[in-house]
Protein chains: 2
Amino acid sequence: MPTLSTPPKVYLAGPEVFLANAKAMAEAKKELCRQHGFVGVFPLDADLALEGLPGAEKARQIGLADEGLIHVCQLVIANLTPFRGVSADIGTAYELGYARALGKPVFGYTNIAADYRQRAALFRATKGSWPDHGDDASVDMEDFGLAENLMLDTGIRESGGTLIRMDVAAGSELTDLQGFERCLEQAAKLVW
Amino acid sequence: MPTLSTPPKVYLAGPEVFLANAKAMAEAKKELCRQHGFVGVFPLDADLALEGLPGAEKARQIGLADEGLIHVCQLVIANLTPFRGVSADIGTAYELGYARALGKPVFGYTNIAADYRQRAALFRATKGSWPDHGDDASVDMEDFGLAENLMLDTGIRESGGTLIRMDVAAGSELTDLQGFERCLEQAAKLVW
């Protein structure tokens, strides 16, 4: 029989899987989870036997395993720091929507405090449009002062979660864990 | 009593909401839906009284309405053409994950055929990293030949959906609807 003291599991969504120091990032996040009474679950934690499989089958097994990990976790904390463009990592956004539809509390943090509209304007000013599909889009739709596309902001808040926005030291945007820890502090205030 | 001939509703996910011609795009997609036996539901279709509300409350009502529209639709077709960076629109990815977790078939199309890895490499070569967080990330994790982050590719395929990848005329990447129509053709083969 599970005891009431079983720590809640947190799915650690974010672009860390793409970083050269992915494993160290996972360990650092898991240690912070432990300190706040949670168990961190990293997307690469599933023990899959992928060697020798075709790439598409590897991808399929990883994708299904990660969906499964979201199911077994009680909450999600997502690193929403912009990644390869104006917005958060696309897989992280998918996972946030996935967890939200399952009714789980979802938390997020971004290490770039500028709002979505400011970032979109800055991107256009410094990078143009990319790919080059011309004068592609208005940003008026997003003049809400939100950190991200409103689906993500709304999903987080309505789920019972919190979205932390802060600026960090230049160059540490993808690795700074202050925002992550603030999410853990907020999550620990809920009753588990 | 609903009749068996009630056409299935398709949630029209994509960055079209940000385009200057959003309404025309919505109408064009809905017409194609009609031709293939579906009813298209656009994110802006919810009849919300937003005037005079603070921005955050507007955003909240739009976000919740769009989640509700996904619940009442039988399937989703998402425009995954890269938008403001290497990947698809972030709100679209959230909605895809949301619908997938609800067990709905999700379809996607992208009007840029290059795979995720190629696009990430091209982005770095032409734009550097953005925001400037240094030598941020490997792309090795994504050497699967997939159109997008594996969560999206996997979610689409495992849901019973299809992901259409094609190149279109330069400048029409965000508006060309051939891939959308191919999704409708595939969706029409399912039993509704």
# chains A, B, ... in the order shown; residues from 1 in each chain; ligands from 1
$ closest_atom_pairs --of "segment 70-94 of chain A" --to "segment 180-189 of chain A" --cutoff "9 Å" --atoms "only C-alpha atoms" --output "tab-separated table"
residue	atom	partner	partner_atom	distance
A:Leu75	CA	A:Ala187	CA	8.5
A:Ile77	CA	A:Cys183	CA	7.0
A:Ala78	CA	A:Phe180	CA	8.2
A:Asn79	CA	A:Phe180	CA	7.4
$ write_last_selection --atoms "N, CA and C atoms" --output "mmCIF file, in the first residue's frame"
data_model
loop_
_atom_site.group_PDB
_atom_site.id
_atom_site.type_symbol
_atom_site.label_atom_id
_atom_site.label_comp_id
_atom_site.auth_asym_id
_atom_site.auth_seq_id
_atom_site.Cartn_x
_atom_site.Cartn_y
_atom_site.Cartn_z
ATOM 1 N N LEU A 75 2.620 16.165 -11.637
ATOM 2 C CA LEU A 75 2.672 17.542 -12.140
ATOM 3 C C LEU A 75 3.822 17.679 -13.140
ATOM 4 N N ILE A 77 6.803 20.562 -14.563
ATOM 5 C CA ILE A 77 7.452 21.882 -14.545
ATOM 6 C C ILE A 77 8.227 22.015 -15.848
ATOM 7 N N ALA A 78 7.875 23.041 -16.625
ATOM 8 C CA ALA A 78 8.420 23.186 -17.977
ATOM 9 C C ALA A 78 9.356 24.377 -18.075
ATOM 10 N N ASN A 79 10.523 24.151 -18.645
ATOM 11 C CA ASN A 79 11.431 25.241 -18.992
ATOM 12 C C ASN A 79 10.963 25.856 -20.312
#
$ residues_around --residues "segment 100-117 of chain A" --least-positions-apart "4" --cutoff "8 Å" --atoms "only C-alpha atoms" --output "PyMOL selection string"
(chain A and resi 71+74-82+86-87+96+121+139-140+142-143+145-149+155-156+159-168+173-174+176+179-180+183+187) or (chain B and resi 98-99+101-102)
$ atom_distance --atom1 "atom CA of Lys58 of chain A" --atom2 "atom CA of Phe123 of chain B"
24.9 Å
$ closest_residue --among "B:Gly52, B:Gly37, B:Gly85, B:Pro43" --to "Leu12 of chain B" --atoms "only C-alpha atoms"
B:Pro43
$ closest_residue --among "B:Leu69, B:Pro7, B:Val191, B:Ala125" --to "Gln35 of chain B" --atoms "only C-alpha atoms"
B:Pro7
$ closest_residue --among "B:Leu50, B:Leu190, B:Ile62, B:Ala26" --to "chain A" --atoms "only C-alpha atoms"
B:Ile62
$ atom_distance --atom1 "atom CA of Thr92 of chain A" --atom2 "atom CA of Glu158 of chain B"
18.2 Å
$ select_by_dssp --residues "segment 99-176 of chain A" --states "strand (DSSP E)" --output "list in words"
Val106, Phe107, Gly108, Tyr109, Thr110, Leu163, Ile164 and Arg165 of chain A
$ write_last_selection --atoms "N, CA, C and O atoms" --output "tab-separated table (two decimals), in the first residue's frame"
chain	number	residue	atom	x	y	z
A	106	VAL	N	0.30	22.26	-14.16
A	106	VAL	CA	1.50	22.50	-14.95
A	106	VAL	C	2.10	23.84	-14.56
A	106	VAL	O	1.41	24.84	-14.42
A	107	PHE	N	3.41	23.83	-14.36
A	107	PHE	CA	4.16	25.03	-13.98
A	107	PHE	C	5.15	25.33	-15.10
A	107	PHE	O	5.56	24.44	-15.84
A	108	GLY	N	5.54	26.60	-15.19
A	108	GLY	CA	6.52	26.95	-16.20
A	108	GLY	C	7.42	28.06	-15.73
A	108	GLY	O	7.06	28.84	-14.83
A	109	TYR	N	8.61	28.12	-16.31
A	109	TYR	CA	9.50	29.26	-16.04
A	109	TYR	C	10.23	29.60	-17.32
A	109	TYR	O	10.47	28.76	-18.18
A	110	THR	N	10.56	30.89	-17.43
A	110	THR	CA	11.37	31.33	-18.56
A	110	THR	C	12.45	32.27	-18.04
A	110	THR	O	12.18	33.13	-17.20
A	163	LEU	N	3.55	30.61	-13.57
A	163	LEU	CA	4.55	30.87	-14.60
A	163	LEU	C	5.53	31.91	-14.08
A	163	LEU	O	5.13	33.04	-13.79
A	164	ILE	N	6.79	31.54	-13.93
A	164	ILE	CA	7.82	32.42	-13.40
A	164	ILE	C	8.59	33.04	-14.57
A	164	ILE	O	9.10	32.33	-15.43
A	165	ARG	N	8.68	34.37	-14.58
A	165	ARG	CA	9.45	35.07	-15.61
A	165	ARG	C	10.57	35.86	-14.94
A	165	ARG	O	10.32	36.67	-14.06
$ closest_residue --among "B:Ala169, B:Ala22, B:Cys73, B:Ala59" --to "chain A" --atoms "only C-alpha atoms"
B:Ala59
$ closest_residue --among "A:Val72, A:Leu44, A:Ala56, A:Leu150" --to "Glu16 of chain A" --atoms "only C-alpha atoms"
A:Leu44
$ select_by_dssp --residues "chain A" --states "alpha helix (DSSP H)" --output "PyMOL selection string"
chain A and resi 22-35+55-72+90-101+116-127+150-158+178-188
$ atom_distance --atom1 "atom CA of Gln61 of chain B" --atom2 "atom CA of Leu48 of chain B"
7.7 Å
